[in-house]
Amino acid sequence: MRSDLLVLAADLVARGEPFALATVVRREAPFSGQPGDMALITPGGSFQGWVGGSCTQPVVVAEALRALADGTPRLVALTPNPSSDRRPGIAVFPMTCHSGGSVDVFIEPVLPAPRLVIFGLSPVARALSRLGKAMGYAIDAADPEADRATFPEADRVGAESKVPDASGRPPSPAARRFAVVATMGERDEESTLAALALEPAYLGVVASQKRFGQMRETLSARGASPESLDRIHNPAGLDIGARTPEQIAVSILAEIVQAESRRRESVETSPSVAREERDPVCGMTVEVATAAARAELHGRTYYFCCQGCRDRFLATPERYGAAALPGVSR
């Protein structure tokens with residue numbers, strides 16, 4: 001791995017920012033990339049590194065952004081014969097590089113630890129902190145009276161949890177931020193309002209249904225919308241017959257895992273919101289925002305996966321269903 005990519009990756013990890021690594025794991029000559037060639041892609045589409053010719057970059061960037069959205073690694077192949085080179089578990093795309101050959105690229109998302117924000121000092125809150133840390137969550141003990149003695153494993157306690165990290169950004173994107181109110185009679189409504197302000201992917205309140213009904217009335221009177229209150233999980237946790245604080249914590253963490261799994265599935269199956277067009281030369285689907293090249297012809301914009309496809313199109317546009325007219329933007 002190139003040293004500059006190592007430095008960049010380390011910096012992004014230290015700042016808690018997500019990115020994806022793309023690595024060439026197989027190639028067939030005369031493709032220019034080599035096994036081990038690597039690139040780093042950020043959520044904004046920035047591409048640093050090398051995984052072969054420029055015609056591979058749009059596919060790698062698009063698939064890296066999908067990997068960052070659903071948190072799932074993927075293996076992609078670019079080949080001159082995509083219809084005959086189908087392999088289980090591999091997304092296949094047409095190879096459009098002039099050099100030819102084929103390449104397989106493994107794309108792995110690197111995401112900051114999901115953050116669990118815990119309100120309360122109760123035994124359930126302390127059990128959530130211990131078990132959540134063991135499961136890989138970054139822990140915020142957000143109660144104003146929380147301290148290191150009560151939450152020794154927490155990453156941030158008390159007032160520390162109210163400020164951004166050193167980058168000035170929130171510690172985790174909302175999709176990977178979860179909150180539990182386990183105040184159990186102490187500042188219930190205040191803590192729930194603070195949790196709602198975080199807009200977490202999951203918010204559970206440890207309280208009886210009767211008590212939560214009372215809380216809901218108060219929260220509504222304080223300005224909480226019905227939609228936000230409807231998203232609260234109460235009683236928090238899956239119904240596993242939990243009794244002890246540790247068992248209740250397990251049930252809540254299981255519900256969080258379930259909610260996150262369902263979110264990933266919805267991301268994987270939902271249509272892309274990004275506008276896409278078809279490259280008229282090679283037929284590849286190209287995301288408009290990140291297209292490698294484009295051309296204007298008689299009032300219409302065409303988008304291309306690489307500069308080579310654009311050049312072939314402009315040389316003989318009639319071959320691709322477009323009349324050769326004056327005014328082509330070259």
# chains A, B, ... in the order shown; residues from 1 in each chain; ligands from 1
>>> residues_around(residues="Asp140 (chain A)", least_positions_apart="2", cutoff="6 Å", atoms="only C-alpha atoms", output="JSON, numbers by chain")
{"A": [117, 142, 156, 157, 161]}
>>> residues_around(residues="Val180 (chain A)", least_positions_apart="4", cutoff="9 Å", atoms="only C-alpha atoms", output="NGL selection string")
:A and (116-120 or 125 or 128 or 192 or 195 or 202-206 or 236 or 252)
>>> closest_residue(among="A:Val60, A:Val51, A:Met284, A:Ala293", to="Ala20 (chain A)", atoms="only C-alpha atoms")
A:Val60
>>> residues_around(residues="Leu40 (chain A)", least_positions_apart="6", cutoff="7 Å", atoms="only C-alpha atoms", output="PyMOL selection string")
chain A and resi 5+19-22+47-49
>>> select_by_dssp(residues="region 220-285 of chain A", states="alpha helix (DSSP H)", output="ChimeraX atom specification")
/A:220-221,226-230,245-269
>>> write_last_selection(atoms="N, CA and C atoms", output="CSV table (one decimal), in the first residue's frame")
chain,number,residue,atom,x,y,z
A,220,SER,N,-44.9,15.8,24.1
A,220,SER,CA,-45.7,16.5,23.0
A,220,SER,C,-45.9,17.9,23.4
A,221,ALA,N,-46.2,18.2,24.7
A,221,ALA,CA,-46.5,19.5,25.2
A,221,ALA,C,-45.2,20.4,25.1
A,226,PRO,N,-45.3,14.3,16.7
A,226,PRO,CA,-45.9,12.9,16.8
A,226,PRO,C,-45.0,11.9,16.0
A,227,GLU,N,-44.4,12.4,14.9
A,227,GLU,CA,-43.6,11.5,14.1
A,227,GLU,C,-42.4,11.0,14.8
A,228,SER,N,-41.7,12.0,15.5
A,228,SER,CA,-40.5,11.6,16.3
A,228,SER,C,-40.9,10.7,17.4
A,229,LEU,N,-42.0,11.0,18.1
A,229,LEU,CA,-42.4,10.1,19.2
A,229,LEU,C,-42.8,8.7,18.8
A,230,ASP,N,-43.3,8.6,17.6
A,230,ASP,CA,-43.7,7.3,17.0
A,230,ASP,C,-42.5,6.4,16.7
A,245,PRO,N,-30.6,-6.4,34.9
A,245,PRO,CA,-30.1,-5.3,34.1
A,245,PRO,C,-29.3,-5.7,32.9
A,246,GLU,N,-28.5,-6.8,33.1
A,246,GLU,CA,-27.7,-7.3,31.9
A,246,GLU,C,-28.6,-7.9,30.9
A,247,GLN,N,-29.6,-8.7,31.3
A,247,GLN,CA,-30.5,-9.2,30.3
A,247,GLN,C,-31.3,-8.2,29.5
A,248,ILE,N,-31.7,-7.1,30.2
A,248,ILE,CA,-32.4,-6.0,29.6
A,248,ILE,C,-31.5,-5.4,28.6
A,249,ALA,N,-30.2,-5.2,29.0
A,249,ALA,CA,-29.2,-4.6,28.1
A,249,ALA,C,-29.0,-5.4,26.8
A,250,VAL,N,-29.0,-6.8,27.0
A,250,VAL,CA,-28.8,-7.7,25.9
A,250,VAL,C,-30.0,-7.5,24.9
A,251,SER,N,-31.2,-7.4,25.5
A,251,SER,CA,-32.4,-7.3,24.6
A,251,SER,C,-32.4,-6.0,23.8
A,252,ILE,N,-31.9,-4.9,24.4
A,252,ILE,CA,-31.9,-3.7,23.7
A,252,ILE,C,-30.8,-3.7,22.6
A,253,LEU,N,-29.6,-4.2,22.9
A,253,LEU,CA,-28.6,-4.3,21.9
A,253,LEU,C,-29.0,-5.2,20.8
A,254,ALA,N,-29.8,-6.3,21.1
A,254,ALA,CA,-30.3,-7.2,20.0
A,254,ALA,C,-31.2,-6.4,19.1
A,255,GLU,N,-32.1,-5.5,19.7
A,255,GLU,CA,-33.0,-4.8,18.9
A,255,GLU,C,-32.3,-3.8,18.1
A,256,ILE,N,-31.2,-3.2,18.6
A,256,ILE,CA,-30.4,-2.3,17.8
A,256,ILE,C,-29.8,-3.0,16.6
A,257,VAL,N,-29.2,-4.2,16.8
A,257,VAL,CA,-28.6,-5.0,15.7
A,257,VAL,C,-29.7,-5.3,14.7
A,258,GLN,N,-30.9,-5.7,15.1
A,258,GLN,CA,-32.0,-6.0,14.2
A,258,GLN,C,-32.3,-4.7,13.4
A,259,ALA,N,-32.5,-3.6,14.0
A,259,ALA,CA,-32.8,-2.4,13.3
A,259,ALA,C,-31.7,-2.0,12.3
A,260,GLU,N,-30.5,-2.2,12.7
A,260,GLU,CA,-29.4,-1.8,11.7
A,260,GLU,C,-29.4,-2.8,10.6
A,261,SER,N,-29.7,-4.1,10.8
A,261,SER,CA,-29.7,-5.0,9.7
A,261,SER,C,-30.8,-4.7,8.7
A,262,ARG,N,-32.0,-4.3,9.3
A,262,ARG,CA,-33.1,-3.9,8.4
A,262,ARG,C,-32.8,-2.7,7.6
A,263,ARG,N,-32.0,-1.8,8.2
A,263,ARG,CA,-31.7,-0.5,7.5
A,263,ARG,C,-30.7,-0.9,6.3
A,264,ARG,N,-29.8,-1.8,6.6
A,264,ARG,CA,-28.8,-2.1,5.5
A,264,ARG,C,-29.6,-2.8,4.3
A,265,GLU,N,-30.5,-3.7,4.7
A,265,GLU,CA,-31.3,-4.4,3.7
A,265,GLU,C,-32.1,-3.4,2.8
A,266,SER,N,-32.7,-2.4,3.5
A,266,SER,CA,-33.4,-1.4,2.7
A,266,SER,C,-32.5,-0.6,1.8
A,267,VAL,N,-31.3,-0.3,2.2
A,267,VAL,CA,-30.3,0.4,1.4
A,267,VAL,C,-30.0,-0.4,0.2
A,268,GLU,N,-29.7,-1.7,0.4
A,268,GLU,CA,-29.3,-2.6,-0.6
A,268,GLU,C,-30.4,-2.8,-1.7
A,269,THR,N,-31.6,-2.8,-1.3
A,269,THR,CA,-32.7,-3.1,-2.2
A,269,THR,C,-33.4,-1.9,-2.8
